[in-house]
$ cat model_35.cif   # mmCIF, C-alpha atoms
data_protein
#
loop_
_atom_site.label_atom_id
_atom_site.label_comp_id
_atom_site.auth_asym_id
_atom_site.auth_seq_id
_atom_site.Cartn_x
_atom_site.Cartn_y
_atom_site.Cartn_z
CA MET H 176 -65.35 121.41 -52.24
CA PRO H 177 -65.52 123.27 -48.87
CA ARG H 178 -68.49 122.38 -46.72
CA SER H 179 -69.59 122.71 -43.12
CA PRO H 180 -70.25 119.56 -41.07
CA ARG H 181 -73.23 121.35 -39.58
CA PHE H 182 -74.72 122.97 -42.68
CA GLY H 183 -73.47 120.58 -45.38
CA LEU H 184 -73.44 122.11 -48.84
CA LEU H 185 -74.81 125.39 -47.46
CA GLY H 186 -71.38 125.90 -45.93
CA ASP H 187 -69.93 126.24 -49.44
CA PRO H 188 -70.13 129.92 -50.53
CA ASP H 189 -70.82 129.21 -54.21
CA PHE H 190 -73.58 126.74 -53.46
CA GLY H 191 -75.00 129.29 -51.04
CA ARG H 192 -75.12 131.83 -53.87
CA LEU H 193 -76.90 129.34 -56.13
CA PHE H 194 -79.25 128.60 -53.23
CA ALA H 195 -80.08 132.32 -52.86
CA ALA H 196 -80.50 132.74 -56.62
CA THR H 197 -82.85 129.75 -56.65
CA ALA H 198 -84.91 131.18 -53.80
CA LEU H 199 -85.37 134.55 -55.51
CA GLY H 200 -85.98 133.09 -58.96
CA GLN H 201 -88.50 130.57 -57.68
CA LEU H 202 -90.30 133.23 -55.64
CA GLY H 203 -90.72 135.21 -58.86
CA ASP H 204 -91.72 132.07 -60.74
CA ARG H 205 -94.42 131.15 -58.20
CA ILE H 206 -95.84 134.65 -58.35
CA ILE H 207 -95.93 134.35 -62.14
CA PHE H 208 -97.52 130.87 -61.95
CA LEU H 209 -100.50 132.28 -60.05
CA THR H 210 -100.70 135.73 -61.62
CA LEU H 211 -100.30 135.11 -65.36
CA PRO H 212 -103.47 132.95 -65.66
CA LEU H 213 -105.33 135.40 -63.40
CA VAL H 214 -104.50 138.20 -65.84
CA ALA H 215 -106.34 136.16 -68.47
CA ILE H 216 -109.18 135.02 -66.18
CA ALA H 217 -109.90 138.10 -64.06
CA THR H 218 -108.53 141.01 -66.12
CA LEU H 219 -109.19 139.91 -69.72
CA HIS H 220 -112.17 137.61 -68.85
CA ALA H 221 -110.82 134.77 -71.01
CA ASP H 222 -112.94 131.65 -71.49
CA GLU H 223 -111.83 128.10 -70.65
CA PHE H 224 -110.29 127.40 -74.05
CA GLN H 225 -108.33 130.66 -74.04
CA VAL H 226 -106.96 129.77 -70.60
CA GLY H 227 -105.92 126.37 -71.97
CA LEU H 228 -104.29 128.03 -74.97
CA LEU H 229 -102.33 130.31 -72.63
CA THR H 230 -101.03 127.25 -70.80
CA ALA H 231 -100.07 125.70 -74.14
CA THR H 232 -98.11 128.77 -75.26
CA THR H 233 -96.37 128.95 -71.88
CA THR H 234 -95.07 125.41 -72.29
CA ALA H 235 -94.60 125.27 -76.09
CA GLY H 236 -90.90 126.06 -75.70
CA SER H 237 -90.16 122.42 -74.94
CA LEU H 238 -91.37 121.47 -78.42
CA LEU H 239 -89.84 124.42 -80.24
CA VAL H 240 -86.30 124.35 -78.83
CA GLY H 241 -86.25 121.33 -76.51
CA LEU H 242 -83.72 119.19 -78.37
CA PRO H 243 -81.31 121.80 -79.75
CA ALA H 244 -81.31 123.58 -76.37
CA GLY H 245 -79.36 120.69 -74.85
CA ALA H 246 -76.66 120.75 -77.54
CA TRP H 247 -76.38 124.53 -77.34
CA VAL H 248 -76.14 124.52 -73.54
CA ASP H 249 -73.46 121.80 -73.66
CA ARG H 250 -71.39 124.21 -75.78
CA MET H 251 -71.81 127.15 -73.39
CA ARG H 252 -70.99 128.05 -69.80
CA LYS H 253 -74.02 127.02 -67.78
CA ARG H 254 -73.63 129.87 -65.33
CA SER H 255 -73.83 132.42 -68.17
CA VAL H 256 -77.01 130.78 -69.46
CA LEU H 257 -78.61 130.99 -66.00
CA ILE H 258 -77.81 134.69 -65.70
CA GLY H 259 -78.89 135.62 -69.22
CA THR H 260 -82.20 133.74 -69.20
CA ASP H 261 -83.17 135.15 -65.79
CA LEU H 262 -82.63 138.73 -66.95
CA LEU H 263 -84.38 138.22 -70.29
CA ARG H 264 -87.40 136.60 -68.60
CA ALA H 265 -87.62 139.54 -66.21
CA ALA H 266 -87.63 141.99 -69.12
CA ALA H 267 -90.30 140.04 -71.01
CA LEU H 268 -92.64 139.96 -68.01
CA LEU H 269 -92.24 143.70 -67.49
CA THR H 270 -94.06 144.35 -70.77
CA ILE H 271 -97.39 143.13 -69.33
CA PRO H 272 -97.84 145.75 -66.57
CA LEU H 273 -96.49 148.43 -68.92
CA ALA H 274 -99.06 147.48 -71.58
CA TRP H 275 -101.81 147.38 -68.94
CA TRP H 276 -100.99 150.88 -67.71
CA ALA H 277 -100.94 152.10 -71.33
CA GLY H 278 -104.31 150.48 -72.05
CA LEU H 279 -102.79 148.14 -74.67
CA LEU H 280 -102.99 144.79 -72.87
CA GLY H 281 -104.71 142.05 -74.84
CA ILE H 282 -104.78 138.27 -74.94
CA ARG H 283 -102.38 138.16 -77.92
CA LEU H 284 -99.68 140.04 -76.02
CA LEU H 285 -100.21 137.64 -73.13
CA TYR H 286 -99.68 134.69 -75.49
CA ALA H 287 -96.50 136.25 -76.93
CA VAL H 288 -94.96 136.93 -73.51
CA ALA H 289 -95.93 133.46 -72.29
CA LEU H 290 -94.27 131.86 -75.34
CA LEU H 291 -91.04 133.86 -74.98
CA HIS H 292 -90.93 133.19 -71.24
CA GLY H 293 -91.41 129.48 -71.89
CA VAL H 294 -88.61 129.28 -74.47
CA LEU H 295 -86.19 131.04 -72.11
CA THR H 296 -87.27 128.72 -69.29
CA VAL H 297 -86.26 125.69 -71.37
CA PHE H 298 -82.71 127.02 -71.64
CA PHE H 299 -82.66 127.94 -67.95
CA ASP H 300 -83.88 124.52 -66.78
CA VAL H 301 -81.47 122.60 -69.02
CA ALA H 302 -78.53 124.71 -67.80
CA TYR H 303 -79.68 124.41 -64.17
CA VAL H 304 -79.77 120.60 -64.24
CA SER H 305 -76.43 120.47 -66.06
CA TYR H 306 -74.71 122.98 -63.77
CA LEU H 307 -75.30 121.30 -60.40
CA PRO H 308 -72.88 118.35 -60.92
CA HIS H 309 -70.15 120.83 -61.89
CA LEU H 310 -70.79 122.92 -58.80
CA VAL H 311 -71.20 120.30 -56.05
CA GLY H 312 -69.65 117.12 -57.47
CA ARG H 313 -71.46 113.88 -58.23
CA GLY H 314 -71.15 112.57 -54.68
CA ASN H 315 -73.30 115.43 -53.38
CA LEU H 316 -76.10 115.34 -55.94
CA VAL H 317 -78.85 113.95 -53.68
CA GLU H 318 -78.07 116.50 -50.95
CA GLY H 319 -77.79 119.33 -53.47
CA ASN H 320 -81.06 118.46 -55.21
CA ALA H 321 -82.83 118.04 -51.85
CA LYS H 322 -81.67 121.43 -50.53
CA LEU H 323 -82.58 123.23 -53.74
CA SER H 324 -85.97 121.46 -53.74
CA ALA H 325 -86.47 122.62 -50.15
CA VAL H 326 -85.94 126.27 -51.03
CA ARG H 327 -88.19 125.91 -54.07
CA SER H 328 -90.83 124.45 -51.78
CA VAL H 329 -90.55 127.32 -49.31
CA THR H 330 -91.07 129.78 -52.14
CA SER H 331 -94.02 127.70 -53.33
CA ILE H 332 -95.59 128.61 -50.00
CA GLY H 333 -94.47 132.23 -49.95
CA GLY H 334 -95.07 133.02 -53.63
CA PRO H 335 -98.85 132.46 -53.73
CA ALA H 336 -99.21 133.89 -50.21
CA VAL H 337 -97.56 137.10 -51.45
CA ALA H 338 -99.22 137.11 -54.87
CA GLY H 339 -102.79 136.60 -53.61
CA PRO H 340 -103.00 139.81 -51.52
CA LEU H 341 -101.01 141.75 -54.14
CA VAL H 342 -103.48 140.75 -56.87
CA GLY H 343 -106.33 141.84 -54.62
CA LEU H 344 -104.70 145.21 -53.88
CA ALA H 345 -102.99 146.14 -57.15
CA GLY H 346 -104.47 143.83 -59.78
CA ALA H 347 -102.91 140.86 -61.53
CA PRO H 348 -100.93 142.79 -64.19
CA ALA H 349 -99.19 145.01 -61.60
CA THR H 350 -98.36 141.98 -59.46
CA LEU H 351 -96.18 140.65 -62.29
CA LEU H 352 -93.73 143.41 -61.36
CA ALA H 353 -92.85 141.41 -58.25
CA GLY H 354 -92.18 138.35 -60.39
CA SER H 355 -89.96 140.38 -62.69
CA VAL H 356 -87.97 141.73 -59.73
CA GLY H 357 -87.45 138.20 -58.38
CA MET H 358 -86.08 137.01 -61.73
CA THR H 359 -83.73 139.99 -61.93
CA LEU H 360 -82.32 139.42 -58.44
CA SER H 361 -81.88 135.72 -59.20
CA GLY H 362 -79.73 136.53 -62.22
CA LEU H 363 -77.64 139.00 -60.22
CA PHE H 364 -76.99 136.45 -57.47
CA ALA H 365 -75.99 133.81 -60.02
CA ALA H 366 -73.49 136.31 -61.41
CA THR H 367 -71.67 136.31 -58.03
CA ILE H 368 -70.82 132.59 -58.20
CA ARG H 369 -67.03 132.40 -58.43
CA ARG H 370 -66.37 128.77 -59.35
CA ARG H 371 -65.99 128.30 -63.10
CA GLU H 372 -66.63 125.22 -65.19
CA GLU H 373 -63.77 123.51 -66.96
CA GLU H 374 -63.10 124.49 -70.56
CA ARG H 375 -64.42 122.17 -73.24
CA PRO H 376 -61.38 120.33 -74.68
CA ASN H 377 -62.36 120.70 -78.32
CA PRO H 378 -62.35 124.10 -80.04
CA VAL H 379 -65.36 125.39 -81.94
CA SER H 380 -63.90 124.39 -85.31
CA GLU H 381 -63.64 120.73 -84.21
CA ARG H 382 -67.11 120.38 -82.72
CA PRO H 383 -69.47 117.94 -84.45
CA ARG H 384 -72.56 119.19 -86.22
CA LEU H 385 -75.51 120.17 -84.07
CA ARG H 386 -77.62 117.35 -85.52
CA THR H 387 -74.94 114.82 -84.57
CA GLU H 388 -74.85 116.06 -81.00
CA ILE H 389 -78.65 115.99 -80.72
CA THR H 390 -78.72 112.42 -82.06
CA GLU H 391 -76.07 111.36 -79.57
CA GLY H 392 -78.13 112.75 -76.71
CA LEU H 393 -81.29 111.02 -77.94
CA ARG H 394 -79.49 107.71 -78.35
CA PHE H 395 -77.95 107.95 -74.89
CA VAL H 396 -81.29 108.48 -73.14
CA LEU H 397 -83.39 106.06 -75.20
CA HIS H 398 -80.89 103.19 -74.87
CA ARG H 399 -80.88 103.27 -71.04
CA PRO H 400 -83.93 101.62 -69.44
CA ALA H 401 -83.91 103.79 -66.31
CA LEU H 402 -83.70 107.09 -68.20
CA ARG H 403 -86.25 105.92 -70.75
CA ALA H 404 -88.77 104.84 -68.11
CA ILE H 405 -88.41 108.08 -66.15
CA MET H 406 -88.86 110.10 -69.33
CA PHE H 407 -92.08 108.38 -70.43
CA SER H 408 -93.48 108.38 -66.90
CA ASP H 409 -92.85 112.12 -66.72
CA ALA H 410 -94.50 112.60 -70.12
CA LEU H 411 -97.81 111.12 -68.92
CA PHE H 412 -97.57 112.84 -65.54
CA ASN H 413 -96.86 116.27 -67.00
CA LEU H 414 -99.59 116.05 -69.62
CA SER H 415 -102.14 115.06 -66.96
CA LEU H 416 -100.84 117.61 -64.46
CA VAL H 417 -101.18 120.46 -66.96
CA MET H 418 -104.74 119.39 -67.79
CA TYR H 419 -105.45 119.44 -64.06
CA GLN H 420 -103.73 122.77 -63.40
CA THR H 421 -105.32 124.44 -66.43
CA MET H 422 -108.77 124.05 -64.92
CA LEU H 423 -107.73 124.26 -61.24
CA LEU H 424 -107.75 128.07 -61.12
CA VAL H 425 -111.00 128.15 -63.11
CA PHE H 426 -112.52 125.63 -60.65
CA LEU H 427 -111.35 127.57 -57.60
CA GLU H 428 -112.51 130.95 -58.88
CA ARG H 429 -115.73 130.08 -60.73
CA THR H 430 -116.99 126.87 -59.10
CA LEU H 431 -115.93 127.49 -55.49
CA GLY H 432 -116.08 131.27 -55.69
CA LEU H 433 -112.64 131.92 -54.19
CA GLY H 434 -110.94 135.28 -54.64
CA PRO H 435 -107.21 135.84 -55.26
CA PHE H 436 -106.40 135.62 -51.53
CA GLY H 437 -108.21 132.29 -51.11
CA ILE H 438 -106.60 130.87 -54.25
CA GLY H 439 -103.22 131.98 -52.95
CA LEU H 440 -103.82 130.14 -49.66
CA VAL H 441 -104.75 126.92 -51.47
CA LEU H 442 -101.61 127.09 -53.61
CA SER H 443 -99.53 127.92 -50.53
CA GLY H 444 -100.81 124.64 -49.06
CA MET H 445 -99.31 122.91 -52.08
CA GLY H 446 -96.04 124.61 -51.20
CA CYS H 447 -96.25 123.19 -47.66
CA GLY H 448 -96.52 119.71 -49.11
CA ALA H 449 -93.58 120.38 -51.39
CA LEU H 450 -91.49 121.61 -48.45
CA LEU H 451 -92.27 118.47 -46.46
CA GLY H 452 -91.31 116.39 -49.48
CA ALA H 453 -88.00 118.21 -49.83
CA LEU H 454 -87.20 117.75 -46.14
CA THR H 455 -87.94 114.02 -46.25
CA ALA H 456 -86.74 113.15 -49.78
CA THR H 457 -83.19 112.18 -48.78
CA THR H 458 -84.38 110.03 -45.86
CA LEU H 459 -87.06 108.31 -47.94
CA ALA H 460 -84.62 107.61 -50.78
CA ARG H 461 -82.18 106.07 -48.30
CA ARG H 462 -84.74 103.92 -46.46
CA VAL H 463 -87.02 102.88 -49.33
CA GLY H 464 -84.39 102.93 -52.07
CA GLN H 465 -83.67 105.68 -54.56
CA ARG H 466 -85.24 103.77 -57.43
CA PRO H 467 -88.49 102.33 -55.97
CA VAL H 468 -89.30 105.65 -54.27
CA ILE H 469 -89.67 107.17 -57.76
CA TRP H 470 -92.85 105.21 -58.51
CA LEU H 471 -94.02 104.72 -54.91
CA ALA H 472 -94.21 108.49 -54.38
CA THR H 473 -96.56 108.78 -57.36
CA LEU H 474 -98.85 105.90 -56.37
CA ALA H 475 -99.07 107.05 -52.76
CA THR H 476 -100.02 110.68 -53.44
CA CYS H 477 -101.60 111.22 -56.87
CA PRO H 478 -104.90 109.43 -56.10
CA LEU H 479 -105.56 112.04 -53.39
CA THR H 480 -105.96 114.73 -56.05
CA VAL H 481 -109.56 113.51 -56.61
CA LEU H 482 -110.44 115.25 -53.34
CA MET H 483 -110.38 118.63 -55.09
CA PRO H 484 -113.09 117.98 -57.71
CA LEU H 485 -115.20 116.59 -54.84
CA ALA H 486 -114.77 119.82 -52.89
CA ARG H 487 -117.50 122.36 -52.27
CA PRO H 488 -117.48 125.48 -50.06
CA GLY H 489 -116.89 124.24 -46.52
CA TRP H 490 -114.79 121.50 -44.97
CA THR H 491 -114.45 119.52 -48.20
CA LEU H 492 -112.39 122.40 -49.60
CA TYR H 493 -109.82 121.77 -46.85
CA ALA H 494 -109.75 118.08 -47.82
CA GLY H 495 -109.15 119.09 -51.43
CA ALA H 496 -106.29 121.35 -50.34
CA VAL H 497 -104.76 118.41 -48.44
CA GLY H 498 -104.92 116.37 -51.64
CA LEU H 499 -103.03 119.08 -53.52
CA ALA H 500 -100.44 119.25 -50.73
CA ALA H 501 -99.97 115.47 -51.00
CA LEU H 502 -99.48 115.81 -54.75
CA SER H 503 -96.70 118.34 -54.19
CA LEU H 504 -95.08 116.20 -51.49
CA GLY H 505 -94.94 113.14 -53.72
CA GLY H 506 -93.83 115.19 -56.71
CA VAL H 507 -90.81 116.64 -54.90
CA VAL H 508 -89.75 113.26 -53.49
CA ARG H 509 -89.99 111.75 -56.97
CA VAL H 510 -88.12 114.58 -58.69
CA VAL H 511 -85.27 114.61 -56.15
CA ALA H 512 -84.76 110.86 -56.50
CA GLN H 513 -85.01 110.69 -60.27
CA SER H 514 -83.00 113.87 -60.94
CA SER H 515 -80.14 112.53 -58.84
CA LEU H 516 -80.34 109.19 -60.66
CA GLN H 517 -80.38 110.86 -64.09
CA GLN H 518 -77.41 113.06 -63.24
CA SER H 519 -75.40 110.19 -61.75
CA LEU H 520 -75.91 108.02 -64.84
CA THR H 521 -74.86 110.71 -67.32
CA PRO H 522 -71.28 111.78 -68.17
CA ASP H 523 -70.49 115.49 -67.86
CA ARG H 524 -70.26 116.13 -71.59
CA LEU H 525 -73.82 114.81 -72.12
CA LEU H 526 -75.57 116.42 -69.14
CA GLY H 527 -77.15 119.20 -71.17
CA ARG H 528 -78.34 116.89 -73.92
CA MET H 529 -79.66 114.35 -71.42
CA ALA H 530 -81.65 117.06 -69.64
CA ALA H 531 -82.92 118.53 -72.91
CA THR H 532 -83.88 115.15 -74.38
CA ALA H 533 -85.68 114.12 -71.22
CA ARG H 534 -87.43 117.48 -71.10
CA PHE H 535 -88.35 117.35 -74.80
CA VAL H 536 -90.07 113.97 -74.48
CA SER H 537 -91.48 114.36 -70.98
CA SER H 538 -92.63 117.97 -71.46
CA GLY H 539 -93.36 117.83 -75.18
CA GLY H 540 -96.94 116.87 -74.43
CA VAL H 541 -97.40 119.74 -71.97
CA PRO H 542 -98.71 122.19 -74.62
CA LEU H 543 -101.08 119.43 -75.72
CA GLY H 544 -102.11 119.08 -72.08
CA GLY H 545 -103.00 122.76 -71.98
CA LEU H 546 -105.09 122.47 -75.14
CA LEU H 547 -106.72 119.25 -73.93
CA GLY H 548 -107.40 120.87 -70.59
CA GLY H 549 -109.08 123.83 -72.25
CA ALA H 550 -111.08 121.64 -74.64
CA SER H 551 -112.04 119.25 -71.83
CA GLY H 552 -113.06 122.21 -69.67
CA SER H 553 -115.32 123.43 -72.45
CA ALA H 554 -116.82 119.95 -72.97
CA PHE H 555 -116.97 118.51 -69.43
CA GLY H 556 -116.44 121.51 -67.22
CA ALA H 557 -113.61 122.22 -64.83
CA THR H 558 -114.73 119.48 -62.43
CA GLY H 559 -114.68 116.73 -65.07
CA THR H 560 -111.24 117.83 -66.27
CA LEU H 561 -109.86 117.56 -62.73
CA TRP H 562 -111.04 113.95 -62.57
CA ILE H 563 -109.35 113.16 -65.89
CA GLY H 564 -106.10 114.79 -64.80
CA ALA H 565 -106.07 112.97 -61.46
CA SER H 566 -106.49 109.60 -63.22
CA GLY H 567 -103.66 110.29 -65.66
CA MET H 568 -101.25 111.39 -62.91
CA THR H 569 -101.89 108.18 -61.01
CA LEU H 570 -101.30 106.00 -64.09
CA SER H 571 -97.99 107.78 -64.76
CA ALA H 572 -96.31 105.48 -62.23
CA VAL H 573 -96.68 102.50 -64.59
CA PRO H 574 -93.51 102.96 -66.76
CA THR H 575 -91.16 103.35 -63.78
CA LEU H 576 -92.87 100.52 -61.90
CA LEU H 577 -92.40 98.17 -64.87
CA TRP H 578 -88.74 99.22 -65.25
CA TRP H 579 -88.05 98.69 -61.54
CA HIS H 580 -89.71 95.25 -61.59
CA ALA H 581 -87.65 94.21 -64.64
CA ALA H 582 -84.45 95.60 -63.11
CA ARG H 583 -84.90 93.49 -59.98
CA SER H 584 -85.07 90.24 -61.92
CA ARG H 585 -82.79 90.70 -64.93
CA PRO H 586 -79.72 92.90 -65.52
CA SER H 587 -79.89 95.31 -68.43
CA CYS H 588 -76.88 93.58 -70.04
CA GLY H 589 -78.97 90.46 -70.61
CA CYS H 590 -77.02 88.14 -68.30
CA SER H 591 -78.85 85.70 -66.08
CA ARG H 592 -77.43 86.97 -62.79
CA PRO H 593 -80.27 88.52 -60.72
CA SER H 594 -80.06 91.92 -59.11
CA GLY H 595 -78.29 92.04 -55.79
CA SER H 596 -80.59 94.48 -53.98
CA GLY H 597 -84.25 95.12 -53.51
CA ASP H 598 -84.13 98.55 -55.10
CA GLY H 599 -82.97 97.28 -58.48
CA THR H 600 -79.30 98.21 -58.08
CA ARG H 601 -76.93 95.91 -59.95
CA SER H 602 -74.29 93.76 -58.36
CA VAL H 603 -70.79 94.82 -59.41
CA SER H 604 -69.87 91.14 -59.84
CA CYS H 605 -71.04 91.34 -63.46
CA PRO H 606 -68.59 93.68 -65.25
CA ALA H 607 -70.86 94.03 -68.28
CA CYS H 608 -73.73 95.54 -66.28
CA ALA H 609 -71.95 97.08 -63.31
CA GLY H 610 -73.03 100.66 -62.83
CA ARG H 611 -75.86 100.46 -65.36
CA PRO H 612 -79.52 100.89 -64.36
#
$ encode --input "model_35.cif" --output "structure tokens"
Amino acid sequence: MPRSPRFGLLGDPDFGRLFAATALGQLGDRIIFLTLPLVAIATLHADEFQVGLLTATTTAGSLLVGLPAGAWVDRMRKRSVLIGTDLLRAAALLTIPLAWWAGLLGIRLLYAVALLHGVLTVFFDVAYVSYLPHLVGRGNLVEGNAKLSAVRSVTSIGGPAVAGPLVGLAGAPATLLAGSVGMTLSGLFAATIRRREEERPNPVSERPRLRTEITEGLRFVLHRPALRAIMFSDALFNLSLVMYQTMLLVFLERTLGLGPFGIGLVLSGMGCGALLGALTATTLARRVGQRPVIWLATLATCPLTVLMPLARPGWTLYAGAVGLAALSLGGVVRVVAQSSLQQSLTPDRLLGRMAATARFVSSGGVPLGGLLGGASGSAFGATGTLWIGASGMTLSAVPTLLWWHAARSRPSCGCSRPSGSGDGTRSVSCPACAGRP
């Protein structure tokens, strides 16, 4: 593929279009991330459990369509899925400000829009992960994931910084218009990508049954130690993170007394950490090793999230914001490394099902995390829930740490030849385990 020695993948026009689409879509997504809960908290005066239920409905799509989404996406053009889901999400979000202006906005409509948005996001994310290897080639996956993570991190800074003042000036429901516009522009930019995926060799009449394809994807992921460990580590991390995030806005607004602008600044600090993680992810993966950096990033940063529940108005709030920035930094480094590993270990025809299976298991507990976060907030308060979430995120490093330790000492094929490198990569001298994690 064409690329510039100076700009790397950004010198390729089609990757540049995906880069722009990602920037606009993520800007809209970050605005939505801050604004949708604030509609419930500040506009509809929802209690802690209702906020947790909103989080659960937002993420319930992974349980409802997580597994079949992968098989469906593998049958479709990924680019078309990206365009369609962006435009449909934009239309769904538009109903909230319209209902608010008409005096019809209620918590049930908020739940319905959150659920639809979440289902569409499942299809978008599965197609996004599956599309990148087609667009940039497998040899450029780490660079491609790092650059896309960088632009997502920049928008993590800009999104809350834009949304906070807008919420203060126009109200949370009206601010969702900006998120809807970002999603629309993202879909339009994706439509300008010229490179097309190769046709599937088998016609529709010869395709296996959907259940067979789903089972094949499940078997592929569960039978590979690296993919399995990443999946279960993500499951614990995501459940704990959602518990933490569910009560974070409640803690910032009701315990610390921050307004929309102050909350936006705190979340922008998380974006700064994510940007630093994206800029350093490739270097860290090269120096530390792509595989050990997956669990090291979690252990080095997640414990710092306890600084936020310790925060009170004053300097300790800044320390808490630093802890959130560290969480984002470690999260991006981990995701870049493990996404590149997952994509490199998966054949093209299974990319959608791998992504969907991993998402189904790792994100299947996210709705439960929202409910647990709301219930925990009601029982222990927002502060206690932040402590529980911080502990769970730290412990999420255990599955990948155990896999890495086992991979260093014994090949996955069962032979007695030890691993040839400190990062768990196999020696190609054993043909039975060469290339396997």
$ closest_residue --input "model_35.cif" --among "H:Leu516, H:Val304, H:Leu193, H:Val356" --to "Arg369 (chain H)" --atoms "all atoms listed in the file"
H:Leu193
$ residues_around --input "model_35.cif" --residues "Pro188 (chain H)" --least-positions-apart "2" --cutoff "10 Å" --atoms "all atoms listed in the file" --output "list in words"
Met176, Pro177, Arg178, Leu184, Leu185, Gly186, Phe190, Gly191, Arg192, Leu193, Phe194, Thr367, Ile368, Arg369 and Arg370 of chain H
$ atom_distance --input "model_35.cif" --atom1 "CA of Glu388 (chain H)" --atom2 "CA of Ala365 (chain H)"
27.5 Å
$ resolve_selection --input "model_35.cif" --expression "the PyMOL selection byres ((chain H and resi 218) around 12)" --output "ChimeraX atom specification"
/H:210-217,219-222,271-272,275,278,280-282,285,342-343,345-349
$ atom_distance --input "model_35.cif" --atom1 "CA of Thr560 (chain H)" --atom2 "CA of Cys447 (chain H)"
24.5 Å
$ decode --input "model_35.cif" --residues "region 228-242 of chain H" --atoms "N, CA and C atoms" --output "PDB file, in the first residue's frame"
ATOM      1  N   LEU H 228     -28.693   1.710  35.697  1.00  0.00           N
ATOM      2  CA  LEU H 228     -29.522   1.036  34.704  1.00  0.00           C
ATOM      3  C   LEU H 228     -29.312   1.637  33.316  1.00  0.00           C
ATOM      4  N   LEU H 229     -29.084   2.945  33.245  1.00  0.00           N
ATOM      5  CA  LEU H 229     -28.783   3.577  31.963  1.00  0.00           C
ATOM      6  C   LEU H 229     -27.482   3.033  31.394  1.00  0.00           C
ATOM      7  N   THR H 230     -26.472   2.887  32.239  1.00  0.00           N
ATOM      8  CA  THR H 230     -25.209   2.299  31.795  1.00  0.00           C
ATOM      9  C   THR H 230     -25.428   0.878  31.294  1.00  0.00           C
ATOM     10  N   ALA H 231     -26.257   0.118  32.002  1.00  0.00           N
ATOM     11  CA  ALA H 231     -26.524  -1.265  31.602  1.00  0.00           C
ATOM     12  C   ALA H 231     -27.202  -1.328  30.243  1.00  0.00           C
ATOM     13  N   THR H 232     -28.188  -0.467  29.998  1.00  0.00           N
ATOM     14  CA  THR H 232     -28.871  -0.491  28.704  1.00  0.00           C
ATOM     15  C   THR H 232     -27.940  -0.023  27.580  1.00  0.00           C
ATOM     16  N   THR H 233     -27.037   0.891  27.892  1.00  0.00           N
ATOM     17  CA  THR H 233     -26.088   1.359  26.883  1.00  0.00           C
ATOM     18  C   THR H 233     -25.192   0.231  26.399  1.00  0.00           C
ATOM     19  N   THR H 234     -24.846  -0.673  27.298  1.00  0.00           N
ATOM     20  CA  THR H 234     -23.882  -1.729  26.982  1.00  0.00           C
ATOM     21  C   THR H 234     -24.527  -3.100  26.789  1.00  0.00           C
ATOM     22  N   ALA H 235     -25.855  -3.188  26.855  1.00  0.00           N
ATOM     23  CA  ALA H 235     -26.532  -4.485  26.743  1.00  0.00           C
ATOM     24  C   ALA H 235     -26.426  -5.074  25.342  1.00  0.00           C
ATOM     25  N   GLY H 236     -26.066  -4.268  24.354  1.00  0.00           N
ATOM     26  CA  GLY H 236     -25.944  -4.778  23.002  1.00  0.00           C
ATOM     27  C   GLY H 236     -24.971  -5.923  22.866  1.00  0.00           C
ATOM     28  N   SER H 237     -23.910  -5.918  23.672  1.00  0.00           N
ATOM     29  CA  SER H 237     -22.924  -6.995  23.615  1.00  0.00           C
ATOM     30  C   SER H 237     -23.552  -8.336  23.952  1.00  0.00           C
ATOM     31  N   LEU H 238     -24.512  -8.346  24.872  1.00  0.00           N
ATOM     32  CA  LEU H 238     -25.189  -9.593  25.222  1.00  0.00           C
ATOM     33  C   LEU H 238     -26.257  -9.957  24.197  1.00  0.00           C
ATOM     34  N   LEU H 239     -26.950  -8.964  23.673  1.00  0.00           N
ATOM     35  CA  LEU H 239     -28.077  -9.235  22.789  1.00  0.00           C
ATOM     36  C   LEU H 239     -27.640  -9.713  21.406  1.00  0.00           C
ATOM     37  N   VAL H 240     -26.611  -9.070  20.846  1.00  0.00           N
ATOM     38  CA  VAL H 240     -26.212  -9.401  19.468  1.00  0.00           C
ATOM     39  C   VAL H 240     -24.723  -9.685  19.341  1.00  0.00           C
ATOM     40  N   GLY H 241     -24.034  -9.835  20.471  1.00  0.00           N
ATOM     41  CA  GLY H 241     -22.578  -9.951  20.433  1.00  0.00           C
ATOM     42  C   GLY H 241     -22.055 -11.068  19.548  1.00  0.00           C
ATOM     43  N   LEU H 242     -22.577 -12.272  19.716  1.00  0.00           N
ATOM     44  CA  LEU H 242     -22.068 -13.405  18.937  1.00  0.00           C
ATOM     45  C   LEU H 242     -22.536 -13.403  17.488  1.00  0.00           C
TER      46      LEU H 242
END
